[in-house]
Each structure stands twice: as structure tokens, then as C-alpha cells.
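Quick look at run-v4.cif (mmCIF, C-alpha atoms and all ligand atoms):
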data_target
#
loop_
_atom_site.label_atom_id
_atom_site.label_comp_id
_atom_site.auth_asym_id
_atom_site.auth_seq_id
_atom_site.Cartn_x
_atom_site.Cartn_y
_atom_site.Cartn_z
CA MET A 1 2.88 133.19 287.42
CA THR A 2 2.25 134.89 284.14
CA ALA A 3 5.34 137.00 283.41
CA GLY A 4 5.88 137.06 279.66
CA GLU A 5 8.92 136.31 277.56
CA PRO A 6 11.84 137.61 279.73
CA ALA A 7 13.48 139.80 277.09
CA ALA A 8 10.17 141.47 276.21
CA THR A 9 9.32 142.01 279.88
CA GLU A 10 12.78 143.49 280.53
CA ARG A 11 12.43 145.79 277.54
CA ALA A 12 9.05 146.99 278.77
CA ILE A 13 10.49 147.70 282.23
CA ARG A 14 13.47 149.56 280.68
CA GLU A 15 11.11 151.75 278.65
CA ASN A 16 9.02 152.41 281.76
CA ASN A 17 12.20 153.35 283.63
CA ALA A 18 13.14 155.95 281.00
CA LEU A 19 9.59 157.32 281.13
CA TRP A 20 9.64 157.59 284.93
CA ASP A 21 12.97 159.43 284.82
CA GLU A 22 11.35 162.01 282.55
CA TRP A 23 8.20 162.11 284.65
CA ALA A 24 10.19 162.58 287.87
CA ASP A 25 11.57 165.93 286.68
CA LEU A 26 8.21 166.93 285.27
CA HIS A 27 6.42 165.97 288.50
CA ALA A 28 8.93 167.79 290.72
CA ALA A 29 7.92 171.02 288.94
CA SER A 30 4.19 170.22 288.77
CA ARG A 31 1.26 171.74 290.63
CA PHE A 32 -0.07 168.19 291.04
CA TYR A 33 2.79 167.21 293.38
CA ASP A 34 3.20 170.75 294.78
CA LEU A 35 6.67 170.21 296.25
CA ASP A 36 6.72 173.78 297.55
CA GLY A 37 3.58 173.10 299.54
CA PHE A 38 5.19 169.98 300.97
CA ARG A 39 8.31 171.98 301.84
CA ARG A 40 6.09 174.24 303.94
CA GLY A 41 4.95 171.24 306.02
CA GLY A 42 2.18 168.70 306.39
CA ILE A 43 1.58 165.05 305.76
CA ARG A 44 0.67 163.76 302.26
CA LEU A 45 -0.89 160.50 303.38
CA SER A 46 -4.54 159.55 303.48
CA ALA A 47 -6.35 159.54 306.82
CA GLU A 48 -7.20 155.87 306.21
CA GLU A 49 -3.60 154.74 305.84
CA VAL A 50 -2.35 156.71 308.83
CA ALA A 51 -5.12 155.14 310.95
CA GLU A 52 -4.66 151.63 309.56
CA ILE A 53 -0.85 151.56 309.90
CA GLY A 54 -0.85 153.21 313.32
CA ASP A 55 2.02 154.82 315.19
CA VAL A 56 5.28 154.67 313.22
CA ALA A 57 7.42 156.74 315.62
CA GLY A 58 10.83 155.12 315.99
CA ARG A 59 9.99 152.32 313.55
CA ASP A 60 12.02 151.33 310.50
CA LEU A 61 9.86 151.85 307.42
CA LEU A 62 10.61 150.81 303.83
CA HIS A 63 8.62 152.58 301.10
CA LEU A 64 8.57 150.59 297.85
CA GLN A 65 8.23 152.61 294.59
CA CYS A 66 8.63 155.85 296.54
CA HIS A 67 8.70 158.24 293.55
CA LEU A 68 9.69 161.77 294.72
CA GLY A 69 9.76 160.74 298.38
CA ILE A 70 6.80 162.85 299.44
CA ASP A 71 4.95 159.96 301.10
CA THR A 72 8.24 158.60 302.46
CA LEU A 73 9.09 161.94 304.08
CA SER A 74 5.52 162.24 305.37
CA TRP A 75 6.20 159.05 307.36
CA ALA A 76 9.51 160.62 308.49
CA ARG A 77 7.55 163.64 309.70
CA LEU A 78 5.48 161.16 311.74
CA GLY A 79 8.67 159.86 313.35
CA ALA A 80 9.61 156.80 311.25
CA ARG A 81 13.19 155.99 310.21
CA VAL A 82 12.57 155.84 306.49
CA THR A 83 14.07 154.16 303.44
CA GLY A 84 12.55 154.80 300.02
CA ALA A 85 13.29 152.68 296.95
CA ASP A 86 12.51 153.33 293.30
CA PHE A 87 14.01 152.37 289.94
CA SER A 88 14.06 155.98 288.70
CA ALA A 89 17.48 157.57 289.30
CA ARG A 90 15.90 161.01 288.82
CA ALA A 91 13.14 160.33 291.36
CA VAL A 92 15.67 159.08 293.90
CA ALA A 93 17.90 162.14 293.36
CA ILE A 94 14.94 164.48 293.85
CA ALA A 95 13.84 162.58 296.98
CA ARG A 96 17.40 162.71 298.38
CA ALA A 97 17.65 166.47 297.80
CA LEU A 98 14.22 167.03 299.35
CA ALA A 99 15.14 164.99 302.43
CA ASP A 100 18.33 167.00 302.95
CA GLU A 101 16.52 170.27 302.42
CA LEU A 102 13.79 169.34 304.93
CA GLY A 103 16.24 168.19 307.59
CA PHE A 104 16.05 164.40 307.24
CA PRO A 105 19.70 163.51 306.45
CA GLU A 106 19.18 160.03 307.94
CA ALA A 107 16.39 159.22 305.44
CA ARG A 108 17.76 156.76 302.87
CA PHE A 109 16.81 156.55 299.18
CA VAL A 110 17.91 153.60 297.08
CA ARG A 111 17.79 153.28 293.31
CA SER A 112 16.82 149.79 292.24
CA ASP A 113 14.30 147.91 290.20
CA LEU A 114 11.89 146.42 292.73
CA HIS A 115 12.76 142.90 291.62
CA ASP A 116 16.50 143.45 292.29
CA LEU A 117 16.08 145.25 295.61
CA PRO A 118 16.86 142.24 297.86
CA ALA A 119 20.31 142.13 296.22
CA VAL A 120 20.85 145.89 296.63
CA LEU A 121 19.43 146.76 300.07
CA ALA A 122 20.40 144.94 303.27
CA GLY A 123 18.34 144.67 306.41
CA ASP A 124 14.71 144.28 307.39
CA PHE A 125 11.95 146.63 308.46
CA ASP A 126 9.08 147.02 310.95
CA VAL A 127 6.85 148.42 308.21
CA VAL A 128 6.89 147.87 304.45
CA TYR A 129 4.61 150.36 302.71
CA THR A 130 3.59 151.01 299.11
CA SER A 131 0.75 153.03 297.63
CA ARG A 132 -1.25 154.61 294.80
CA GLY A 133 -0.12 153.60 291.35
CA VAL A 134 2.43 150.87 292.05
CA LEU A 135 1.21 147.37 291.15
CA GLY A 136 0.29 148.21 287.55
CA TRP A 137 3.99 148.72 286.70
CA LEU A 138 4.97 145.22 287.81
CA PRO A 139 4.64 142.12 285.65
CA ASP A 140 4.40 139.44 288.32
CA VAL A 141 2.56 139.99 291.59
CA ARG A 142 4.06 136.83 293.12
CA ARG A 143 7.60 138.17 292.75
CA TRP A 144 6.44 141.47 294.25
CA ALA A 145 4.99 139.63 297.27
CA GLU A 146 8.27 137.76 297.77
CA VAL A 147 10.16 141.08 297.83
CA VAL A 148 7.69 142.45 300.39
CA ALA A 149 8.08 139.35 302.61
CA HIS A 150 11.87 139.44 302.23
CA PHE A 151 12.10 142.90 303.80
CA LEU A 152 9.59 142.42 306.62
CA ARG A 153 10.89 141.68 310.09
CA PRO A 154 9.02 138.87 311.91
CA GLY A 155 6.11 140.66 313.58
CA GLY A 156 6.35 143.50 311.05
CA THR A 157 3.49 145.13 309.15
CA PHE A 158 2.92 145.34 305.42
CA TYR A 159 0.49 147.90 303.99
CA VAL A 160 -0.62 148.62 300.44
CA ALA A 161 -3.19 151.21 299.28
CA GLU A 162 -3.94 150.96 295.58
CA ILE A 163 -6.47 151.44 292.81
CA HIS A 164 -8.82 148.45 292.74
CA PRO A 165 -8.25 145.87 289.98
CA VAL A 166 -11.97 146.16 289.14
CA ALA A 167 -11.53 149.88 288.35
CA GLN A 168 -8.53 149.03 286.14
CA ALA A 169 -10.68 146.77 283.94
CA PHE A 170 -12.72 149.68 282.52
CA GLU A 171 -11.76 152.13 279.78
CA ASN A 172 -10.70 155.30 281.59
CA GLU A 173 -10.07 157.68 278.71
CA GLY A 174 -12.55 159.15 276.27
CA VAL A 175 -15.63 157.86 278.09
CA ALA A 176 -18.38 159.83 279.82
CA PRO A 177 -18.94 159.87 283.61
CA GLY A 178 -20.78 156.67 284.52
CA GLU A 179 -19.94 154.99 281.19
CA LEU A 180 -18.54 151.61 282.20
CA ARG A 181 -16.94 150.01 279.19
CA LEU A 182 -15.10 146.77 280.03
CA ALA A 183 -11.79 147.02 278.18
CA TYR A 184 -8.84 145.43 280.02
CA PRO A 185 -8.02 142.13 281.70
CA TYR A 186 -8.98 141.71 285.34
CA TRP A 187 -6.52 138.87 286.00
CA GLU A 188 -2.78 138.96 285.51
CA HIS A 189 -1.73 138.60 281.88
CA THR A 190 1.48 137.63 280.13
CA GLU A 191 2.01 140.45 277.67
CA PRO A 192 2.03 144.02 278.94
CA LEU A 193 -0.69 146.44 277.94
CA THR A 194 1.07 149.15 275.96
CA PHE A 195 -0.21 152.71 275.66
CA ALA A 196 0.99 155.83 273.87
CA VAL A 197 2.29 158.44 276.30
CA HIS A 198 0.53 161.82 276.31
CA GLY A 199 2.29 164.08 278.82
CA SER A 200 1.75 162.67 282.30
CA TYR A 201 -1.16 162.17 284.68
CA ALA A 202 0.29 165.12 286.61
CA ASP A 203 0.53 167.36 283.54
CA PRO A 204 -1.32 165.95 280.50
CA GLY A 205 -0.20 168.78 278.21
CA ALA A 206 3.54 168.39 278.89
CA GLN A 207 6.00 167.40 276.17
CA VAL A 208 7.52 163.99 276.90
CA ALA A 209 10.10 162.21 274.72
CA ALA A 210 9.13 158.69 275.82
CA GLU A 211 6.53 157.29 273.46
CA ARG A 212 5.14 154.22 275.21
CA GLU A 213 4.25 152.97 278.65
CA HIS A 214 3.61 149.37 279.65
CA GLY A 215 1.45 147.96 282.41
CA TRP A 216 0.12 144.77 283.91
CA ASP A 217 -3.10 144.00 285.77
CA HIS A 218 -3.46 141.69 288.76
CA GLY A 219 -6.72 140.43 290.25
CA LEU A 220 -7.45 141.01 293.91
CA GLY A 221 -7.44 137.25 294.58
CA GLU A 222 -4.01 136.98 292.92
CA ILE A 223 -2.66 139.83 295.07
CA VAL A 224 -3.99 138.32 298.32
CA THR A 225 -2.91 134.76 297.44
CA ALA A 226 0.59 135.95 296.47
CA LEU A 227 1.01 137.61 299.88
CA VAL A 228 -0.35 134.55 301.74
CA ASP A 229 1.95 132.23 299.76
CA ALA A 230 4.88 134.53 300.61
CA GLY A 231 4.16 133.83 304.29
CA LEU A 232 2.14 136.90 305.32
CA ARG A 233 -1.04 136.85 307.39
CA ILE A 234 -3.75 139.16 306.04
CA GLU A 235 -5.26 141.29 308.81
CA SER A 236 -7.61 143.49 306.81
CA LEU A 237 -8.68 144.05 303.23
CA ARG A 238 -10.85 147.14 302.75
CA GLU A 239 -12.50 148.22 299.50
CA TYR A 240 -13.49 151.83 298.92
CA PRO A 241 -15.98 153.49 296.52
CA PHE A 242 -13.43 156.19 295.57
CA VAL A 243 -9.99 156.51 294.03
CA GLU A 244 -7.50 159.34 294.46
CA TRP A 245 -7.04 160.22 290.80
CA LYS A 246 -9.07 161.03 287.72
CA LEU A 247 -10.61 158.30 285.58
CA ASP A 248 -12.98 159.60 282.91
CA PHE A 249 -15.88 157.39 284.05
CA LEU A 250 -15.77 158.98 287.54
CA VAL A 251 -16.58 162.45 288.89
CA GLU A 252 -14.57 164.43 291.41
CA GLY A 253 -16.12 165.06 294.81
CA PRO A 254 -15.57 168.05 297.09
CA ASP A 255 -12.96 165.97 298.97
CA GLY A 256 -10.86 165.68 295.78
CA ARG A 257 -11.63 161.95 295.47
CA PHE A 258 -13.20 160.42 292.38
CA ARG A 259 -16.41 158.33 292.51
CA LEU A 260 -19.09 156.97 290.21
CA PRO A 261 -21.64 159.71 289.48
CA GLY A 262 -24.80 159.81 291.58
CA GLY A 263 -27.56 157.79 289.98
CA THR A 264 -25.25 155.05 288.65
CA PRO A 265 -27.11 151.78 289.17
CA GLY A 266 -25.07 149.74 291.64
CA GLU A 267 -21.59 150.40 293.02
CA LEU A 268 -18.05 149.23 292.37
CA PRO A 269 -14.92 149.10 294.51
CA LEU A 270 -12.49 151.69 293.11
CA SER A 271 -9.55 151.38 295.53
CA PHE A 272 -8.46 149.05 298.30
CA SER A 273 -6.12 148.86 301.24
CA LEU A 274 -4.58 145.72 302.66
CA ARG A 275 -2.76 145.27 305.94
CA ALA A 276 -0.79 142.12 306.67
CA THR A 277 1.81 140.92 309.14
CA LYS A 278 4.74 138.55 308.97
CA PRO A 279 4.18 136.04 311.76
CA ALA A 280 6.85 136.18 314.48
CA THR A 281 8.83 132.92 314.39
C1 LIG A 301 2.74 156.45 290.75
S1 LIG A 301 4.33 156.38 291.41
C2 LIG A 301 4.24 155.90 293.07
C3 LIG A 301 3.16 156.47 293.79
C4 LIG A 301 3.48 157.52 294.82
N1 LIG A 301 2.50 157.32 295.84
C5 LIG A 301 3.39 158.89 294.21
O1 LIG A 301 2.47 159.19 293.44
O2 LIG A 301 4.23 159.69 294.50
C6 LIG A 301 4.98 154.86 290.78
C7 LIG A 301 6.47 154.69 291.04
O3 LIG A 301 6.83 153.34 290.71
C8 LIG A 301 8.15 153.37 290.22
N2 LIG A 301 8.38 152.11 289.50
C9 LIG A 301 7.71 151.65 288.40
N3 LIG A 301 8.17 150.45 288.06
C10 LIG A 301 9.15 150.12 288.96
C11 LIG A 301 10.01 148.99 289.11
N4 LIG A 301 9.97 147.95 288.26
N5 LIG A 301 10.87 148.98 290.15
C12 LIG A 301 10.94 150.04 291.01
N6 LIG A 301 10.16 151.15 290.90
C13 LIG A 301 9.27 151.18 289.88
C14 LIG A 301 8.20 154.63 289.37
O4 LIG A 301 9.53 155.11 289.15
C15 LIG A 301 7.36 155.60 290.20
O5 LIG A 301 8.18 156.40 291.01
#
What do you get writing this file as C-alpha cells?
Ligand SMILES: C[S@@+](CC[C@H](N)C(=O)[O-])C[C@H]1O[C@@H](n2cnc3c(N)ncnc32)[C@H](O)[C@@H]1O
Amino acid sequence: MTAGEPAATERAIRENNALWDEWADLHAASRFYDLDGFRRGGIRLSAEEVAEIGDVAGRDLLHLQCHLGIDTLSWARLGARVTGADFSARAVAIARALADELGFPEARFVRSDLHDLPAVLAGDFDVVYTSRGVLGWLPDVRRWAEVVAHFLRPGGTFYVAEIHPVAQAFENEGVAPGELRLAYPYWEHTEPLTFAVHGSYADPGAQVAAEREHGWDHGLGEIVTALVDAGLRIESLREYPFVEWKLDFLVEGPDGRFRLPGGTPGELPLSFSLRATKPAT
């Protein structure tokens, strides 16, 4: 456990919360998230996660850090009874409005910091799901794993798809494709990494009032061990040579995924997916 001084950690999370409220409105209007396209139909999930999670029809699914609810409502379109949770009041309001507009009044969206969610949301779920840009906002991966385990029904499935901690260790701004400059911790660290905010990943040129964002890294071994210690059984851990968003040391492929440029000596894992179950008692 490496969470830093509590007041400093809480301040960092509060500042991140204000940033995400701003980003939620920005993202709802962005081409990156293309809400109008989602309104027209379709599933915004990767083929890998749909295959690895399997049939969700009629299952209760909790989406942690659900942002605008696009992934959550994709699972609803596949037949799941969905609950999304996020600490951004603006993101939750946008997700709620989208669910109503798309005809999913039974979809639930809950505003809560992830760490407080067990005190805010009752019940348990067949599937707990979280993906793409979630762990780096959390200071303590062991507390995260306890929240995951808390909400899983015995026999239930947990699934996370995320950027790989190895990819997080390299400088991702202002470097050339293939330039691997080790810059950040691989293992979990006490103090957050703090960066100046320039727009958003969805709209780098946008004006944003929030000035700073804070993040934490967690090694793959720490993530796996935290889930095992929380009582989950790991079923698969897959590492992929691509990630879904731009890092300056990668190049975009025709499939819209980002990889090391051809000719790079050697390979690195850039994202991973993990599937686990809570043993039936
Ligand atoms: C990159 S987004 C989630 C990824 C999602 N797949 C997407 O892009 O739509 C990260 C989300 O984590 C949420 N978040 C960050 N820190 C959180 C915390 N401590 N508790 C709950 N939600 C948090 C943010 O509000 C944001 O909606």
C-alpha cells in the first residue's frame, strides 16, 4: 500500500474531479466521443472484450468509472442490466440523459468516488467491468481491488481492459515515434505525478479552466496480486502490442490502434486485459 499523505491524496482527487467535470461537457460535444454516432446505434466496445466477457444478456453489470456511459450503454444494447458509476456529476448527468434518450430508463448511473461506492451503492453484480484510462486516476490499487471484490456476486466475472503499466513508464509527449525514453515509475508510488492540463486528450486545443491533473502508476504484478488478495481467481491475463489512444512514441495503424513503428527493435506490451472470477462459496 503506497497511498500518500491522506490530505494531499484527497486534494489531488478533488482537483481531478473538477477536471473531469469540465472534461465531461467537453467530451460530450467532441468528435472523439461522437455521441451523435452512438445515438444512431452500434456498440463502442472492443471485439476482444466482447469475446472475453461473453454473453451479458440478462446479467447485472456494474461499470466502474463509466464516464459518459457510452460503454455502459453498449453493454445495455447487448442485453445487460447496467449500472454505471463515476465521481463526475457532469459525466453521470450526461450518461443519465443519454440512457433516457436511447430508451434505457432502467439503466442506473451513480455519482460516487470509487473508494466510497460500497457505502453509496447497494447490491452485487454478475459482471464488474472497467476499461481504458481508469487505473491511473486511483492512488491505491489494493483499495480498488477491494471495491471490485465487494460488488462481485459469488461466481461473478470481473474484467478490466487498460493501458499496460509498461507503456505508462515512457515519456508520451514531445518524443518521436519509436523514441522510448523511460520517464515515470513502473511500480505504485506514494506521491501523485502532477501534470499541467492542456485541453483534453479528446480535444487538445480546448480551453480548460483546471490547471493540473494527478495520476498514479501501478505495476502489473501489483494489480494482479491486489485482485488475488481481494479473493478473486485470475482466469486470463492477455497483453497486447497496441493501445487505443495516441502516445507520441507510437504510430496509428489502419485499425485506429497505436503501435510501435515498424523496425523498432523488440516489442513491448502496450495494453492488457484481465478476466477474473469470484469463487462461488
Ligand atoms: C478515461 S475515463 C473512463 C474510460 C471510458 N472507457 C471512456 O473513455 O469513456 C476515466 C473516468 O474515471 C473517472 N474517475 C477518475 N477518478 C475517479 C475516482 N476517484 N472515482 C470515480 N471515478 C473516477 C473520471 O470521471 C472518468 O469518467
Can you list every residue of chain A that has an atom at most 8 Å from ligand LIG 301 (chain A), with its nearest atom pair and the distance in Å to one decimal, using only C-alpha atoms and all ligand atoms, ordered by chain then number, as a Markdown table?
| residue | atom | partner | partner_atom | distance |
| --- | --- | --- | --- | --- |
| A:Ile13 | CA | A:LIG301 | N4 | 6.1 |
| A:Asn16 | CA | A:LIG301 | N3 | 6.7 |
| A:Asn17 | CA | A:LIG301 | O4 | 6.4 |
| A:Trp20 | CA | A:LIG301 | O4 | 4.9 |
| A:Asp21 | CA | A:LIG301 | O4 | 7.0 |
| A:Ala24 | CA | A:LIG301 | O5 | 7.2 |
| A:Tyr33 | CA | A:LIG301 | O2 | 7.7 |
| A:Leu64 | CA | A:LIG301 | N6 | 7.2 |
| A:Gln65 | CA | A:LIG301 | O3 | 4.2 |
| A:Cys66 | CA | A:LIG301 | O5 | 5.6 |
| A:His67 | CA | A:LIG301 | O5 | 3.2 |
| A:Leu68 | CA | A:LIG301 | O2 | 5.8 |
| A:Gly69 | CA | A:LIG301 | O2 | 6.8 |
| A:Ile70 | CA | A:LIG301 | O2 | 6.4 |
| A:Asp71 | CA | A:LIG301 | N1 | 6.4 |
| A:Ala85 | CA | A:LIG301 | C12 | 6.9 |
| A:Asp86 | CA | A:LIG301 | N6 | 4.0 |
| A:Phe87 | CA | A:LIG301 | C12 | 4.0 |
| A:Ser88 | CA | A:LIG301 | O4 | 4.6 |
| A:Ala91 | CA | A:LIG301 | O5 | 6.3 |
| A:Arg111 | CA | A:LIG301 | C12 | 7.9 |
| A:Ser112 | CA | A:LIG301 | C12 | 6.0 |
| A:Asp113 | CA | A:LIG301 | N5 | 3.6 |
| A:Leu114 | CA | A:LIG301 | N5 | 3.8 |
| A:His115 | CA | A:LIG301 | N5 | 6.5 |
| A:Thr130 | CA | A:LIG301 | N1 | 7.2 |
| A:Ser131 | CA | A:LIG301 | N1 | 5.0 |
| A:Arg132 | CA | A:LIG301 | N1 | 4.7 |
| A:Gly133 | CA | A:LIG301 | C1 | 4.1 |
| A:Val134 | CA | A:LIG301 | C6 | 4.9 |
| A:Trp137 | CA | A:LIG301 | N3 | 4.7 |
| A:Leu138 | CA | A:LIG301 | N4 | 5.7 |
The selected residues should be written to file as a tab-separated table (two decimals), in the coordinates of the input (atoms: C-alpha atoms).
chain	number	residue	atom	x	y	z
A	13	ILE	CA	10.49	147.70	282.23
A	16	ASN	CA	9.02	152.41	281.76
A	17	ASN	CA	12.20	153.35	283.63
A	20	TRP	CA	9.64	157.59	284.93
A	21	ASP	CA	12.97	159.43	284.82
A	24	ALA	CA	10.19	162.58	287.87
A	33	TYR	CA	2.79	167.21	293.38
A	64	LEU	CA	8.57	150.59	297.85
A	65	GLN	CA	8.23	152.61	294.59
A	66	CYS	CA	8.63	155.85	296.54
A	67	HIS	CA	8.70	158.24	293.55
A	68	LEU	CA	9.69	161.77	294.72
A	69	GLY	CA	9.76	160.74	298.38
A	70	ILE	CA	6.80	162.85	299.44
A	71	ASP	CA	4.95	159.96	301.10
A	85	ALA	CA	13.29	152.68	296.95
A	86	ASP	CA	12.51	153.33	293.30
A	87	PHE	CA	14.01	152.37	289.94
A	88	SER	CA	14.06	155.98	288.70
A	91	ALA	CA	13.14	160.33	291.36
A	111	ARG	CA	17.79	153.28	293.31
A	112	SER	CA	16.82	149.79	292.24
A	113	ASP	CA	14.30	147.91	290.20
A	114	LEU	CA	11.89	146.42	292.73
A	115	HIS	CA	12.76	142.90	291.62
A	130	THR	CA	3.59	151.01	299.11
A	131	SER	CA	0.75	153.03	297.63
A	132	ARG	CA	-1.25	154.61	294.80
A	133	GLY	CA	-0.12	153.60	291.35
A	134	VAL	CA	2.43	150.87	292.05
A	137	TRP	CA	3.99	148.72	286.70
A	138	LEU	CA	4.97	145.22	287.81
How close does region 59-170 of chain A get to region 43-51 of chain A? List, as a Markdown table, each residue of region 59-170 of chain A within 10 Å, its nearest atom pair and the distance in Å to one decimal, counting all atoms listed in the file.
| residue | atom | partner | partner_atom | distance |
| --- | --- | --- | --- | --- |
| A:Ile70 | CA | A:Arg44 | CA | 6.8 |
| A:Asp71 | CA | A:Arg44 | CA | 5.8 |
| A:Thr72 | CA | A:Arg44 | CA | 9.2 |
| A:Leu73 | CA | A:Ile43 | CA | 8.3 |
| A:Ser74 | CA | A:Ile43 | CA | 4.9 |
| A:Trp75 | CA | A:Ile43 | CA | 7.7 |
| A:Ala76 | CA | A:Ile43 | CA | 9.5 |
| A:Arg77 | CA | A:Ile43 | CA | 7.3 |
| A:Leu78 | CA | A:Ile43 | CA | 8.1 |
| A:Tyr129 | CA | A:Glu49 | CA | 9.8 |
| A:Ser131 | CA | A:Glu49 | CA | 9.4 |
| A:Tyr159 | CA | A:Glu49 | CA | 8.2 |
| A:Val160 | CA | A:Glu49 | CA | 8.7 |
| A:Ala161 | CA | A:Glu49 | CA | 7.5 |
Quiz item: Can you tell me, as a ChimeraX atom specification, what residues are no more than 12 Å from Lys278 (chain A) when counting all atoms listed in the file, ignoring any on the same chain fewer than 4 positions away?
Solution: /A:124-128,145-146,148-159,227-235
Quiz item: Quick one: of A:Ala206, A:Val147, A:Ala122, A:Val141, who's nearest to His27 (chain A), counting only C-alpha atoms?
Solution: A:Ala206
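Take the candidates A:Arg96, A:Arg143, A:His63, A:Lys246 and check each one against Asn172 (chain A) using all atoms listed in the file; the shortest distance goes to A:Lys246.
As for CA of Gly54 (chain A) and CA of Gly79 (chain A), they are spaced 11.6 Å apart.
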Exercise. In Å, rounded to a single decimal, give me how far CA of Leu182 (chain A) is from CA of Phe170 (chain A).
Key: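 Distance reported for this atom pair: 4.5 Å.
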Quiz prompt | Contact residues around region 194-196 of chain A with all atoms listed in the file at 7 Å, ignoring same-chain residues under 6 positions, as number ranges by chain | solution = A: 211-215
Quiz item: For Ala57 (chain A), which residue among A:Glu267, A:His218, A:Pro165, A:Arg81 is the nearest when counting only C-alpha atoms?
Solution: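 Result for the nearest residue to Ala57 (chain A): A:Arg81.
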Practice problem: Calculate how many Å separate CA of Glu10 (chain A) from CA of Trp187 (chain A), rounding to one decimal. | Solution: 20.6 Å
Quiz prompt | Of the listed residues A:Val175, A:Leu180, A:Ala80, A:Leu19, that which approaches Pro265 (chain A) most closely, counting only C-alpha atoms | solution =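 Smallest separation from Pro265 (chain A) among the options: A:Leu180.
Nearest to Phe249 (chain A) of all the residues A:Arg275, A:His189, A:Arg181, A:His164 is A:Arg181, based on only C-alpha atoms.
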